[in-house]
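**Q** The structure follows.
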Amino acid sequence: MKRKFNGLNQANASSDQVLDGVFLVKVERAQYRWHANKPYYLLRLAVLAPQGLASHSITGRIYCTAKAMWKLAWFLRDFGYDNELLGKEEIDERALVNLRGVVKISRNLLHGNSFLNFDAFAPADRWEELWADNPQNVPRSKVAG
């Protein structure tokens with residue numbers, strides 16, 4: 001059986017681009033994924049700044065385990081998630097879309113696999129301050145190896 005996938009021939013070029021650094025982003029999509037040991041939210045973030053990388057998207061996970069709940073709460077708080085829903089301990093995936101904030105991203109290599117890490121979050125209104133204070137964190141694009 002053959003299947004046609006539009007854009008497949010361009011996938012290699014974009015998948016070789018690995019972004020890390022500090023970014024101003026907007027949530028494009030959020031999906032809860034159940035896993036027996038580590039349930040998580042799969043996030044697709046659109047890069048808004050720096051301007052040169054504004055056409056890129058970043059996909060990563062935020063885990064929902066008891067040990068990782070602090071990071072999920074940090075993300076929700078700094079990206080301006082609805083306080084009423086947060087107070088009820090509810091997450092509405094539709095309410096996550098279009099939230100904006102700053103994220104610091106790094107990559108780890110483990111057993112030949114590259115894993116994206118969300119290292120830090122901040123409210124979107126702190127972008128200028130964080131960008132100006134951290135010139136060494138200029139996001140870079142590099143080839144995965």
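Ordering of the structure tokens sets the chain letters (A, B, ...), residue numbers begin anew at 1 in every chain, and ligands are numbered from 1 in the order given.
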Give me the residues within 9 Å of segment 66-74 of chain A as a PyMOL selection string, counting only C-alpha atoms and dropping any in the same chain fewer than 4 places off.
**A** chain A and resi 41+62+78-79+86+118+120-122
**Q** Which residues of segment 91-122 of chain A have any atom within 10 Å of an atom in segment 46-58 of chain A when counting only C-alpha atoms, and what is the closest pair of atoms for each, with the distance in Å to one decimal? Order the rows by chain and rising number and write it as CSV.
**A**
residue,atom,partner,partner_atom,distance
A:Asn98,CA,A:Ala46,CA,9.4
A:Arg100,CA,A:Leu48,CA,9.1
A:Gly101,CA,A:Leu48,CA,9.7
A:Val102,CA,A:Ala49,CA,9.4
A:Val103,CA,A:Val47,CA,9.8
A:Ile105,CA,A:Ile58,CA,9.3
A:Leu116,CA,A:Ile58,CA,9.1
**Q** Expressed in Å to a single decimal, how great is the separation between atom CA of Asp82 of chain A and atom CA of Ala95 of chain A?
**A**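 Computed distance, atom CA of Asp82 of chain A to atom CA of Ala95 of chain A, equals 7.6 Å.
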**Q** Apply DSSP to the structure's backbone, then extract all residues of segment 16-109 of chain A labelled alpha helix (DSSP H) and return them as a VMD selection string.
**A** chain A and resid 69 to 78 83 to 87 93 to 96
**Q** Selected residues, N, CA and C atoms, written as a PDB file, in the first residue's frame, please.
**A**
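New file result-v7.pdb:
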ATOM      1  N   MET A  69       4.682  18.596  38.393  1.00  0.00           N
ATOM      2  CA  MET A  69       3.559  19.529  38.441  1.00  0.00           C
ATOM      3  C   MET A  69       4.024  20.969  38.623  1.00  0.00           C
ATOM      4  N   TRP A  70       5.142  21.180  39.301  1.00  0.00           N
ATOM      5  CA  TRP A  70       5.670  22.533  39.504  1.00  0.00           C
ATOM      6  C   TRP A  70       5.987  23.209  38.176  1.00  0.00           C
ATOM      7  N   LYS A  71       6.522  22.433  37.218  1.00  0.00           N
ATOM      8  CA  LYS A  71       6.892  23.022  35.927  1.00  0.00           C
ATOM      9  C   LYS A  71       5.647  23.354  35.114  1.00  0.00           C
ATOM     10  N   LEU A  72       4.642  22.493  35.168  1.00  0.00           N
ATOM     11  CA  LEU A  72       3.380  22.768  34.479  1.00  0.00           C
ATOM     12  C   LEU A  72       2.740  24.032  35.055  1.00  0.00           C
ATOM     13  N   ALA A  73       2.729  24.163  36.383  1.00  0.00           N
ATOM     14  CA  ALA A  73       2.158  25.347  37.028  1.00  0.00           C
ATOM     15  C   ALA A  73       2.950  26.601  36.662  1.00  0.00           C
ATOM     16  N   TRP A  74       4.277  26.490  36.574  1.00  0.00           N
ATOM     17  CA  TRP A  74       5.137  27.609  36.195  1.00  0.00           C
ATOM     18  C   TRP A  74       4.792  28.078  34.779  1.00  0.00           C
ATOM     19  N   PHE A  75       4.683  27.118  33.866  1.00  0.00           N
ATOM     20  CA  PHE A  75       4.309  27.442  32.483  1.00  0.00           C
ATOM     21  C   PHE A  75       2.953  28.148  32.436  1.00  0.00           C
ATOM     22  N   LEU A  76       1.949  27.581  33.096  1.00  0.00           N
ATOM     23  CA  LEU A  76       0.599  28.145  33.065  1.00  0.00           C
ATOM     24  C   LEU A  76       0.568  29.550  33.651  1.00  0.00           C
ATOM     25  N   ARG A  77       1.225  29.736  34.774  1.00  0.00           N
ATOM     26  CA  ARG A  77       1.235  31.040  35.444  1.00  0.00           C
ATOM     27  C   ARG A  77       1.927  32.095  34.574  1.00  0.00           C
ATOM     28  N   ASP A  78       3.113  31.787  34.063  1.00  0.00           N
ATOM     29  CA  ASP A  78       3.881  32.786  33.317  1.00  0.00           C
ATOM     30  C   ASP A  78       3.316  33.060  31.925  1.00  0.00           C
ATOM     31  N   ASN A  83      -6.756  32.370  35.605  1.00  0.00           N
ATOM     32  CA  ASN A  83      -6.615  32.118  37.048  1.00  0.00           C
ATOM     33  C   ASN A  83      -7.782  31.351  37.641  1.00  0.00           C
ATOM     34  N   GLU A  84      -8.983  31.582  37.114  1.00  0.00           N
ATOM     35  CA  GLU A  84     -10.156  30.876  37.629  1.00  0.00           C
ATOM     36  C   GLU A  84     -10.039  29.379  37.358  1.00  0.00           C
ATOM     37  N   LEU A  85      -9.653  29.030  36.128  1.00  0.00           N
ATOM     38  CA  LEU A  85      -9.476  27.613  35.793  1.00  0.00           C
ATOM     39  C   LEU A  85      -8.319  27.005  36.589  1.00  0.00           C
ATOM     40  N   LEU A  86      -7.252  27.780  36.746  1.00  0.00           N
ATOM     41  CA  LEU A  86      -6.103  27.301  37.514  1.00  0.00           C
ATOM     42  C   LEU A  86      -6.506  27.053  38.965  1.00  0.00           C
ATOM     43  N   GLY A  87      -7.323  27.935  39.508  1.00  0.00           N
ATOM     44  CA  GLY A  87      -7.818  27.766  40.876  1.00  0.00           C
ATOM     45  C   GLY A  87      -8.667  26.521  41.045  1.00  0.00           C
ATOM     46  N   GLU A  93      -7.599  22.834  27.017  1.00  0.00           N
ATOM     47  CA  GLU A  93      -6.646  22.914  25.913  1.00  0.00           C
ATOM     48  C   GLU A  93      -6.938  24.102  25.006  1.00  0.00           C
ATOM     49  N   ARG A  94      -8.208  24.427  24.821  1.00  0.00           N
ATOM     50  CA  ARG A  94      -8.567  25.566  23.969  1.00  0.00           C
ATOM     51  C   ARG A  94      -8.120  26.882  24.589  1.00  0.00           C
ATOM     52  N   ALA A  95      -8.097  26.946  25.920  1.00  0.00           N
ATOM     53  CA  ALA A  95      -7.663  28.166  26.603  1.00  0.00           C
ATOM     54  C   ALA A  95      -6.146  28.345  26.544  1.00  0.00           C
ATOM     55  N   LEU A  96      -5.420  27.290  26.229  1.00  0.00           N
ATOM     56  CA  LEU A  96      -3.956  27.378  26.107  1.00  0.00           C
ATOM     57  C   LEU A  96      -3.527  28.011  24.785  1.00  0.00           C
TER      58      LEU A  96
END
**Q** So which residues touch Ser106 of chain A within 8 Å, counting only C-alpha atoms, skipping near sequence neighbours fewer than 4 positions away, as number ranges by chain?
**A** A: 19-21, 116-119
**Q** Could the residues in this selection be saved with C-alpha atoms as a PDB file, in the first residue's frame?
**A**
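Heads up, here's the output in selection01.pdb:
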ATOM      1  CA  LEU A  19      16.811  25.645  17.995  1.00  0.00           C
ATOM      2  CA  ASP A  20      17.978  26.446  21.486  1.00  0.00           C
ATOM      3  CA  GLY A  21      18.109  29.652  23.474  1.00  0.00           C
ATOM      4  CA  LEU A 116      14.181  19.185  23.957  1.00  0.00           C
ATOM      5  CA  ASN A 117      13.999  20.692  27.443  1.00  0.00           C
ATOM      6  CA  PHE A 118      11.917  23.637  28.548  1.00  0.00           C
ATOM      7  CA  ASP A 119      14.402  25.070  31.048  1.00  0.00           C
TER       8      ASP A 119
END
**Q** Which residue is closest to Lys26 of chain A? Choose from A:Glu129, A:Tyr81, A:Thr59, A:Leu99 and count only C-alpha atoms.
**A**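 Between A:Glu129, A:Tyr81, A:Thr59, A:Leu99, the residue approaching Lys26 of chain A most closely is A:Leu99.
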